[in-house]
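Data block below; observations after.
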Amino acid sequence: MSYCRQEGKDKIIFVTKEDHETPSSAELVADDPDDPYEEQGLILPNGDINWNCPCLGGMASGPCGEQFKSAFSCFHYSTEEIKGSDCVDQFRAMQECMQKYPDLYPQEDENDEKEKSSKDLEDTPVEASVAKEEKGSS
Amino acid sequence: MLCCRLAALGARRPLRPLGPAAGNLLQRWNVPIGLQMSRQVASSDVPGGKGSSSVFALIMGLSTLGAGVYVYKTLRENKERFTSRVTTITARSQENASSPGAASQGSAAPEAHPEVPSHVPFLLIGGGTAAFAAARSIRARDPGARVLIVSEDPALPYMRPPLSKELWFSDDPNVTETLRFKQWNGKERSIYFQPPSFYVPARDLPFVENGGVAVLCGKKVVHMDVRGNMVKLSDGSQISYDKCLIATGGSPRNLPAIERAGKDVQQRLTLFRKVEDFKSLEKISRQVKSITVIGGGFLGSELACALGRRARTRGLEVIQLFPENGNMGKILPEYLSNWTTEKVRREGVNVMPNAVVKSVSVSGNRLVIKLKDGRKVETDHIVAAVGLEPNVELAKSAGLEVDSDFGGFRVNAELQARSNIWVAGDAACFYDIKLGRRRVEHHDHAVVSGRLAGENMTGAAKPYWHQSMFWSDLGPDVGYEAIGLVDSTLPTVGVFAKATAKDTPKSATEQSGTGIRSESETEAEASEVPTSPSASPTPRVPKEGEDYGKGVVFYLRDKVVVGIVLWNIFNRMPIARKIIKDGEEHADLNEVAKLFNIHED
């Protein structure tokens, strides 16, 4: 059982695991997924890519940012059977650019980048995880 | 300028030997000469005037005349000197204008581009965390953007938290050179946000194809012309801009007692803020026998713990003194502050709370700190961590408002000060829609506000909404993350469970795979929250010896949760952020605490 004490204006409650096993009765306000003020995940509500997502790190803002953006956009909007198979040129341009900056884009991470782009967007890549949108509570 | 000042001094000098007459003359200068003469004539015509008064009047008249002649000559010399200087300056600038032209007539040599570009679309004043976050945000949103960072610090942009934590725990003997820190999970990274190759040289910024971010190090912006959209640097160069961010941060405060103390004391003092302070303190910690940290907040406590850890291996005495009752006395409720103080003591620090410094002096080769209650502390070196003074010198020339309650530049909810000027980071006093006007001095706030400023500089017009968080580790066993208004004067409700070996900051970073905790929590997602009614448990008499191992503390203002501390529990920041964002009155905070699953890993 939990118990509490008061120290002046501060209340202290000690709880055991069993005390907290019952679900919470606290009510949270439902989230609006289209709230323009909220920080968005990787994909914006309108389907565009959020280049400012913290999950991308510095990929879209560095010296190879433009190449990265064109390659990733191409992949994102690609409707081919093998997604992104029509984007080889953009990926090659990106790779060439990244090879010019080995301290920014170390060799191993560059391969990870290609893996990341070729996987489904929902998967978690090695370098950075993809932020999922917060869903409203029922 | 100098010649004018000298001339003024020269003009003053002959007046001084005249004594009282000089005072009269100074007053008379405001009156036209004609009136002066008529007054003198009038006074000498006063009936009953003796011969001495007319002689006196004659002396006065002659001295006035003499002074007048002297002043006239000096002013004329002044004007001649002024005109000759102006001609030399214009001649020189014409030469300068022609010489770059001559150089560019050759090949496209790098010397042709001036070191400081004369115009940039995005100018960021200050080269710290907020500026870097803004640069990244601008580049992400505006393709090909050209961003110039002007930083007084000679180093490229870096993050500060490791300077008082991780860098001290490194096993690398060259850590002061590499500035790389190994996180608990073994992953290593540099304190620098990006290596030098990320940046474009400033002189190439206007010309490079896809734009980029350039940094001018070791240069200070000393004057801001808001009407002309232009700034002046310490080296005399001028830069005009389209959009400007002020992210000048702050400078460490000093104690008045130490400022009065004299050079001998100042030489044995560190005001800790920058990379160079870390390097010098690290060196000093290996040379001296005793270091005293003054200040009981985040920086003071973290440094005391970091030094305390070294104390054990090197026989260094570490003392920490502050006026509050316990470490983090202004942030944590008293019971938690006391508990934290005990932990800091266990890290090897001699903590002296309720200590107010009265004076500091040098005796022998040691420092003697006298406290107001009569105690004396003998030590070799002092580290002062007594607060941050926001750098608002530009407010004067720019005509920007400075906040009188919190300090810093006053900006609106969108971090805007004027049409093309935004402020972010430690120097920004902004309006938080949920929590009211405030100024925040934490790393994640610099990142969040910098990023927001960058978004708004590229047209987003978004207010401060995503609540920033902060964290602190006091040794490997005690760590907490917090969000919102965490002020110990507010009433609090704390819900605690007993900690297991798994609940330490060490394991938190191991699980999330990142070092800086603000990164880890931006990547996490908020889990779906089940809501169903349940009966709340009845209170009982507390047992003795309860430990505040892990739990959550709610800070209330008018019954609404405005701040939350996650005590030794990690990766739950999204739910804490949600509760503050909702701003609801919750009848039973124990129910709210259930949302945090404090008993789990």
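Letters A, B, ... go to the chains of the structure tokens in the order shown; residues in each chain start at 1; ligands are counted from 1 in the same order.
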Next on the checklist: Quick check for you: according to DSSP on this backbone, which residues of range 156-352 of chain B are classed as alpha helix (DSSP H)? Reply as JSON, numbers by chain.
Outcome noted: {"B": [175, 176, 177, 178, 256, 257, 258, 259, 263, 264, 265, 266, 275, 276, 277, 278, 279, 280, 281, 282, 283, 284, 285, 286, 287, 298, 299, 300, 301, 302, 303, 304, 305, 306, 307, 308, 309, 310, 311, 312, 313, 314, 334, 335, 336, 337, 338, 339, 340, 341, 342, 343, 344, 345, 346]}
Checklist entry - Which neighbours of range 560-562 of chain B fall inside 7 Å, counting only C-alpha atoms, when residues of the same chain fewer than 3 positions from it are skipped, and could you give them as number ranges by chain? => result B: 435, 484-485, 554-557, 580, 583-585
Next on the checklist: Just checking: using only C-alpha atoms, which residue out of A:Ser24, A:Gln40, A:Ser78, A:Gln90 ends up closest to chain B?
Outcome noted: A:Ser24
Checklist entry - When distances are computed from only C-alpha atoms, which of B:Val386, B:Ala67, B:Ala145, B:Met328 shows the smallest separation from Ser251 in chain B? => result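 Answer, going by the shortest atom-to-atom distance: B:Val386.
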Contact table range 166-272 of chain B vs range 293-307 of chain B, cut-off 12 Å, shortest pair per residue, only C-alpha atoms, as a tab-separated table:
```
residue	atom	partner	partner_atom	distance
B:Glu166	CA	B:Ala306	CA	8.7
B:Leu167	CA	B:Ala306	CA	9.1
B:Trp168	CA	B:Ala306	CA	5.9
B:Phe169	CA	B:Ala306	CA	7.2
B:Ser170	CA	B:Ala306	CA	10.6
B:Pro252	CA	B:Leu299	CA	10.8
B:Arg253	CA	B:Gly295	CA	10.9
B:Asn254	CA	B:Ile294	CA	10.0
B:Leu255	CA	B:Ile294	CA	9.2
B:Ala257	CA	B:Ile294	CA	11.9
B:Ile258	CA	B:Ile294	CA	11.0
B:Leu269	CA	B:Val293	CA	10.0
B:Thr270	CA	B:Val293	CA	9.4
B:Leu271	CA	B:Ile294	CA	10.2
B:Phe272	CA	B:Leu299	CA	8.5
```
Next on the checklist: Neighbouring residues of Leu44 in chain A were defined as those with any atom within 10 Å, considering only C-alpha atoms; residues of the same chain fewer than 6 positions away were excluded. Please report them as a list of chain:residue names.
Outcome noted: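 Residues meeting the cut-off are A:Pro33, A:Asp34, A:Pro36, A:Asn50, A:Trp51, A:Cys53, A:Glu133.
Interatomic distance, CA of Arg310 in chain B to CA of Glu276 in chain B: 19.3 Å.
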Checklist entry - Do you know which residues are at most 10 Å from Thr340 in chain B counting only C-alpha atoms, after dropping those on the same chain fewer than 3 positions away, and could you put them as number ranges by chain? => result B: 301, 326-329, 332, 334-337, 343-346, 474, 478-479, 548
For the selection just defined, write its residues with C-alpha atoms to a file, as a tab-separated table (two decimals), in the first residue's frame.
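Okay, this is what ended up in part_26.tsv:
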```tsv
chain	number	residue	atom	x	y	z
B	301	SER	CA	27.40	20.71	-8.21
B	326	GLY	CA	21.53	21.96	0.12
B	327	ASN	CA	22.70	21.26	-3.43
B	328	MET	CA	20.20	22.37	-6.08
B	329	GLY	CA	18.38	24.17	-3.27
B	332	LEU	CA	14.65	20.55	-5.78
B	334	GLU	CA	14.09	20.44	0.50
B	335	TYR	CA	13.97	16.70	1.20
B	336	LEU	CA	15.41	15.91	-2.22
B	337	SER	CA	17.99	18.68	-1.99
B	343	LYS	CA	25.19	11.98	-2.45
B	344	VAL	CA	27.55	14.79	-3.42
B	345	ARG	CA	29.37	14.31	-0.11
B	346	ARG	CA	29.73	10.66	-0.96
B	474	LEU	CA	25.57	14.01	-9.98
B	478	VAL	CA	22.08	10.06	-9.28
B	479	GLY	CA	20.57	11.61	-12.33
B	548	TYR	CA	14.33	8.44	-2.69
```
